[in-house]
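Structure record follows, encoded as structure tokens.
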Amino acid sequence: MSSLINFLNPKLKPSVESDAVCEDGFTAANLIADDAEQLERGFMCFAVCKPPVEVVFDFPKAVDMKVIKLWPSSGALRSTAFELHGRHDGIWERVAFVRDLGRGVDSVTFCYQSDYNSRSSSNAAAATGQPQSEKVFFFKSAHKILASTNSVKVVIRATERCPPVLRKVQMWGLPARSLDKADRELVKSIWSEISDPYGQRDASHGNTGQRSPPRHVPELREQSSLSIPEEFLDSITWELMIFPTVLPSGKVVDQSTIDKHAEEEAKWGRQPSDPFTGLEYNAQRKAIINLALKARIEKFLMENSEHFKAVPRSLGSSRLRRRHASQFASSMCQPGQISPAAGTYSALSSAYKQQQRKSRATATATSSSASISGSPHSPPAAKRARHSNHGTTACATVTASSASTSTSTTSTSTIDQAIQQALQKITRFSQVAVAAAPSAGLESSAATDNCINCRSAQFGYEIRTCRHLVCRECLVLLSRDQVCVCKVSFRGADVERYHKLDP
């Protein structure tokens, strides 16, 4: 069965009417209200009203109704008998009814008998004393009425010595097949935005309605005698857990088990709930992944991988890895800890901008001095133009070409200077560094391209304090006393890998 839609959600624009006189603040509009407080109040008639009381729900588009759920009590007030009617060709026809509801019944669910699976209903709520939901089946003739209807009427037929009340109503179904494909897709898209406003399900997983990654249960080899600790097993399926999750009831199950239970509940228009108690999840009562137990299971799998046919790659999660990566990146980008790449580009851009400002200032000063140097006794521009003729044109052409050449040369040299200034401020590993001043009568190993101790050409490390190159064997010997051959002390953090530039 496809994922059902609650057509009484206010985003889908339903409407409700009732001719009964209601208590102040308890009108029928509360049943489809967008405000949570108003929705919690429900519908309550005036104290002198007697049943039957009709509440009519209208939908903007035709609906294929599958499940209708009613909550008949509000505090100590309780309605005990209901009738459901659907409008077909302008005529109201009864499709289901229920009477003599007991005090232990918290809700009534109307559905088709062909869609009902007795094995999917859990008796845990009754065993633990939790509120129960009574199942009532539609009439056999209800399908032709509810398969394409725009209105559903709920009739309160009897109460328990109180005015008629109805705390909450949900009507779950699908867009009718008689609608155009565009209308059906529109309704489904609106409902997807309501149920998953941020697109987390589709963004994190490719399959719609699947909130956890596909689960691959590790299977033991036939000849293996390994015993799996009981705390690593799912409380329902009794299989090894990959993503252990703690339920509000205190039981620990795998995330895939929770998803399967939520899918079964969604088929009947119910919200995700605890499989053991039947209580719906909320902000205070929700499932939480047990990271400590998950780490222990992963360690157990790695240590005993030879006993399993295949071990899933479940070491951590992509979300945790992204979080650690973001924390590392943010720590590297602190004001006092700028990364080398960021420092290179920032230094290059700042040096280039500084050179550009200097060149612009020089050009401005040159142009201003040229304009000031014009003598007041020089002939007017028109007279100069008459005397110049072709010679002036040729001179202007040569001057323009020389000016463009000098400008391009200046810009090229400016960029080269900016690059050189930027490269001087960073540590380079692709070429031999500039030789430092000889210390204690020893030649610089950077100048000779040899190890400072054994004079071999197989060097690979550089001591930054004295800029000497050493090979791996000599570095081990010098690290014992942490003193270079040139008598300059160093620490382990002062040694860097040196990459020789191939000729």
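The chains in the structure tokens are called A, B, ... from first to last as shown; in each chain the residues are counted from 1, and the ligands are counted from 1 in the order shown.
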Query - Gly269 of chain A environment, 8 Å, only C-alpha atoms, sequence neighbours closer than 4 positions dropped, as JSON, numbers by chain - result: {"A": [4, 5, 6, 67, 172, 265]}
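Rounded to one decimal, atom CA of Arg296 of chain A and atom CA of Ala283 of chain A lie 27.8 Å from each other.
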Query raised in the report: Could you pull out the helix (DSSP H, G or I) residues of segment 23-136 of chain A from DSSP and send them as a ChimeraX atom specification?
Result: /A:28-32,36-41,118-120,124-127
Atoms to include: all heavy atoms. Write the selected residues as a compact mmCIF listing (two decimals), in the first residue's frame.
# COMPACT_ATOMS: atom_id res chain seq x y z
N ALA A 28 -16.44 23.15 15.71
CA ALA A 28 -15.98 22.09 14.82
C ALA A 28 -14.73 22.49 14.05
O ALA A 28 -13.98 21.61 13.58
CB ALA A 28 -17.10 21.71 13.85
N ALA A 29 -14.48 23.79 13.91
CA ALA A 29 -13.28 24.24 13.19
C ALA A 29 -12.00 23.81 13.90
O ALA A 29 -10.93 23.78 13.28
CB ALA A 29 -13.31 25.76 13.03
N ASN A 30 -12.08 23.48 15.19
CA ASN A 30 -10.89 23.02 15.91
C ASN A 30 -10.35 21.71 15.35
O ASN A 30 -9.17 21.40 15.49
CB ASN A 30 -11.20 22.84 17.40
CG ASN A 30 -11.49 24.16 18.09
OD1 ASN A 30 -11.22 25.23 17.55
ND2 ASN A 30 -12.06 24.09 19.28
N LEU A 31 -11.23 20.90 14.72
CA LEU A 31 -10.82 19.59 14.23
C LEU A 31 -9.86 19.68 13.05
O LEU A 31 -9.15 18.71 12.76
CB LEU A 31 -12.05 18.78 13.83
CG LEU A 31 -13.04 18.49 14.96
CD1 LEU A 31 -14.28 17.80 14.41
CD2 LEU A 31 -12.40 17.63 16.05
N ILE A 32 -9.83 20.83 12.35
CA ILE A 32 -8.91 21.00 11.22
C ILE A 32 -8.06 22.25 11.41
O ILE A 32 -7.54 22.81 10.44
CB ILE A 32 -9.69 21.09 9.89
CG1 ILE A 32 -10.69 22.26 9.92
CG2 ILE A 32 -10.40 19.79 9.59
CD1 ILE A 32 -11.35 22.52 8.59
N ALA A 36 -1.85 24.27 17.25
CA ALA A 36 -1.80 23.04 18.05
C ALA A 36 -2.71 23.13 19.26
O ALA A 36 -3.39 22.15 19.62
CB ALA A 36 -0.35 22.77 18.47
N GLU A 37 -2.76 24.27 19.92
CA GLU A 37 -3.61 24.42 21.10
C GLU A 37 -5.09 24.32 20.72
O GLU A 37 -5.89 23.68 21.42
CB GLU A 37 -3.32 25.76 21.77
CG GLU A 37 -4.13 26.01 23.03
CD GLU A 37 -3.83 27.35 23.66
OE1 GLU A 37 -2.93 28.06 23.14
OE2 GLU A 37 -4.48 27.70 24.67
N GLN A 38 -5.44 24.94 19.62
CA GLN A 38 -6.83 24.88 19.17
C GLN A 38 -7.19 23.47 18.71
O GLN A 38 -8.31 23.00 18.95
CB GLN A 38 -7.01 25.88 18.01
CG GLN A 38 -8.45 26.20 17.68
CD GLN A 38 -8.55 27.28 16.61
OE1 GLN A 38 -7.53 27.83 16.19
NE2 GLN A 38 -9.75 27.58 16.18
N LEU A 39 -6.26 22.78 18.09
CA LEU A 39 -6.51 21.41 17.65
C LEU A 39 -6.68 20.47 18.83
O LEU A 39 -7.44 19.50 18.76
CB LEU A 39 -5.35 20.95 16.76
CG LEU A 39 -5.48 19.58 16.09
CD1 LEU A 39 -6.62 19.59 15.09
CD2 LEU A 39 -4.18 19.20 15.40
N GLU A 40 -6.00 20.74 19.93
CA GLU A 40 -6.08 19.89 21.11
C GLU A 40 -7.43 20.01 21.82
O GLU A 40 -7.87 19.07 22.48
CB GLU A 40 -4.94 20.24 22.07
CG GLU A 40 -4.78 19.29 23.24
CD GLU A 40 -4.34 17.91 22.81
OE1 GLU A 40 -3.75 17.76 21.73
OE2 GLU A 40 -4.58 16.96 23.58
N ARG A 41 -8.10 21.12 21.67
CA ARG A 41 -9.40 21.30 22.33
C ARG A 41 -10.46 20.36 21.77
O ARG A 41 -11.23 19.76 22.51
CB ARG A 41 -9.88 22.74 22.17
CG ARG A 41 -9.03 23.77 22.89
CD ARG A 41 -9.57 25.15 22.63
NE ARG A 41 -8.71 26.21 23.15
CZ ARG A 41 -8.89 27.50 22.92
NH1 ARG A 41 -9.90 27.89 22.15
NH2 ARG A 41 -8.07 28.38 23.43
N SER A 118 -4.32 -8.88 10.76
CA SER A 118 -4.38 -9.07 12.21
C SER A 118 -3.01 -9.28 12.82
O SER A 118 -2.78 -8.96 13.98
CB SER A 118 -5.28 -10.27 12.54
OG SER A 118 -4.77 -11.44 11.92
N ARG A 119 -2.06 -9.82 12.02
CA ARG A 119 -0.73 -10.06 12.57
C ARG A 119 0.04 -8.77 12.77
O ARG A 119 0.99 -8.72 13.53
CB ARG A 119 0.05 -10.97 11.63
CG ARG A 119 -0.46 -12.40 11.62
CD ARG A 119 0.31 -13.23 10.62
NE ARG A 119 0.12 -12.75 9.26
CZ ARG A 119 0.69 -13.28 8.19
NH1 ARG A 119 1.48 -14.33 8.35
NH2 ARG A 119 0.48 -12.80 6.99
N SER A 120 -0.33 -7.71 12.05
CA SER A 120 0.40 -6.45 12.20
C SER A 120 0.00 -5.67 13.43
O SER A 120 0.66 -4.75 13.84
CB SER A 120 0.17 -5.56 10.96
OG SER A 120 -1.20 -5.21 10.88
N ALA A 124 0.68 -5.48 22.61
CA ALA A 124 1.51 -4.98 23.72
C ALA A 124 0.81 -3.90 24.49
O ALA A 124 0.96 -3.78 25.71
CB ALA A 124 2.84 -4.46 23.17
N ALA A 125 0.00 -3.06 23.82
CA ALA A 125 -0.69 -1.98 24.51
C ALA A 125 -1.67 -2.52 25.52
O ALA A 125 -1.79 -2.02 26.65
CB ALA A 125 -1.41 -1.10 23.50
N ALA A 126 -2.39 -3.59 25.14
CA ALA A 126 -3.34 -4.18 26.08
C ALA A 126 -2.63 -4.83 27.25
O ALA A 126 -3.10 -4.79 28.39
CB ALA A 126 -4.21 -5.19 25.36
N ALA A 127 -1.49 -5.46 26.98
CA ALA A 127 -0.75 -6.13 28.05
C ALA A 127 -0.17 -5.14 29.05
O ALA A 127 -0.06 -5.44 30.23
CB ALA A 127 0.37 -6.99 27.46
Report summary line: Between atom CA of Gly278 of chain A and atom CA of Thr109 of chain A lies a distance of 14.9 Å
Query raised in the report: With distances taken over only C-alpha atoms, which of A:Val169, A:Val152, A:Leu101, A:Ala147 is nearest to Phe57 of chain A?
Result: A:Val152
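Every protein, DNA or RNA residue with an atom at most 12 Å from Ser141 of chain A, where only C-alpha atoms count and chain neighbours fewer than 4 positions away do not, is listed here: His85, Gly86, His88, Glu93, Arg94, Val95, Ala96, Tyr112, Phe137, Ile145, Leu146 and Ala147 of chain A.
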Written selection (N, CA and C atoms) as a PDB file, in the first residue's frame:
ATOM      1  N   HIS A  85     -20.867   8.435   6.998  1.00  0.00           N
ATOM      2  CA  HIS A  85     -21.624   8.518   5.753  1.00  0.00           C
ATOM      3  C   HIS A  85     -20.726   9.125   4.681  1.00  0.00           C
ATOM      4  N   GLY A  86     -20.847   8.612   3.487  1.00  0.00           N
ATOM      5  CA  GLY A  86     -20.159   9.174   2.335  1.00  0.00           C
ATOM      6  C   GLY A  86     -21.161   9.644   1.302  1.00  0.00           C
ATOM      7  N   HIS A  88     -22.291  10.131  -2.443  1.00  0.00           N
ATOM      8  CA  HIS A  88     -22.065   9.578  -3.770  1.00  0.00           C
ATOM      9  C   HIS A  88     -23.199  10.032  -4.681  1.00  0.00           C
ATOM     10  N   GLU A  93     -24.864   8.106   1.938  1.00  0.00           N
ATOM     11  CA  GLU A  93     -25.051   6.686   2.208  1.00  0.00           C
ATOM     12  C   GLU A  93     -24.143   6.276   3.359  1.00  0.00           C
ATOM     13  N   ARG A  94     -24.688   5.448   4.251  1.00  0.00           N
ATOM     14  CA  ARG A  94     -23.921   5.010   5.413  1.00  0.00           C
ATOM     15  C   ARG A  94     -22.894   3.956   4.992  1.00  0.00           C
ATOM     16  N   VAL A  95     -21.674   4.102   5.516  1.00  0.00           N
ATOM     17  CA  VAL A  95     -20.594   3.180   5.150  1.00  0.00           C
ATOM     18  C   VAL A  95     -20.061   2.406   6.345  1.00  0.00           C
ATOM     19  N   ALA A  96     -20.331   2.831   7.581  1.00  0.00           N
ATOM     20  CA  ALA A  96     -19.852   2.126   8.771  1.00  0.00           C
ATOM     21  C   ALA A  96     -20.525   2.715  10.003  1.00  0.00           C
ATOM     22  N   TYR A 112     -10.921  -0.964   5.755  1.00  0.00           N
ATOM     23  CA  TYR A 112     -11.436  -2.084   4.976  1.00  0.00           C
ATOM     24  C   TYR A 112     -10.904  -3.391   5.555  1.00  0.00           C
ATOM     25  N   PHE A 137     -14.753  -2.260  10.608  1.00  0.00           N
ATOM     26  CA  PHE A 137     -14.613  -2.413   9.172  1.00  0.00           C
ATOM     27  C   PHE A 137     -15.748  -1.690   8.435  1.00  0.00           C
ATOM     28  N   ILE A 145     -18.464   4.021  -2.816  1.00  0.00           N
ATOM     29  CA  ILE A 145     -18.812   5.356  -2.309  1.00  0.00           C
ATOM     30  C   ILE A 145     -17.554   6.129  -1.914  1.00  0.00           C
ATOM     31  N   LEU A 146     -16.650   5.466  -1.195  1.00  0.00           N
ATOM     32  CA  LEU A 146     -15.457   6.148  -0.670  1.00  0.00           C
ATOM     33  C   LEU A 146     -14.300   6.164  -1.654  1.00  0.00           C
ATOM     34  N   ALA A 147     -14.399   5.467  -2.785  1.00  0.00           N
ATOM     35  CA  ALA A 147     -13.297   5.470  -3.755  1.00  0.00           C
ATOM     36  C   ALA A 147     -13.135   6.810  -4.438  1.00  0.00           C
TER      37      ALA A 147
END
Report task. Return as JSON, numbers by chain the full set of residues in segment 5-115 of chain A whose backbone-based DSSP assignment is strand (DSSP E). Result -> {"A": [5, 6, 15, 16, 17, 43, 44, 53, 54, 55, 56, 57, 58, 59, 60, 61, 62, 63, 64, 65, 66, 67, 68, 69, 70, 71, 73, 74, 77, 78, 79, 80, 81, 82, 83, 84, 85, 86, 87, 88, 91, 92, 93, 94, 95, 96, 97, 98, 105, 106, 107, 108, 109, 110, 111]}
Query raised in the report: Within 8 Å of Gln170 of chain A, counting only C-alpha atoms, which residues qualify if same-chain residues fewer than 2 places away don't, as a PyMOL selection string?
Result: chain A and resi 6-8+68-70+168+172
Report summary line: Across A:Phe308, A:Leu166, A:Ser73, A:Lys13, the smallest distance to Glu222 of chain A, with only C-alpha atoms counted, is shown by A:Phe308
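Nearest-residue note for Phe138 of chain A: choosing from A:Cys111, A:Val217, A:Cys162, A:Ile415, the minimum distance belongs to A:Cys111, counting only C-alpha atoms.
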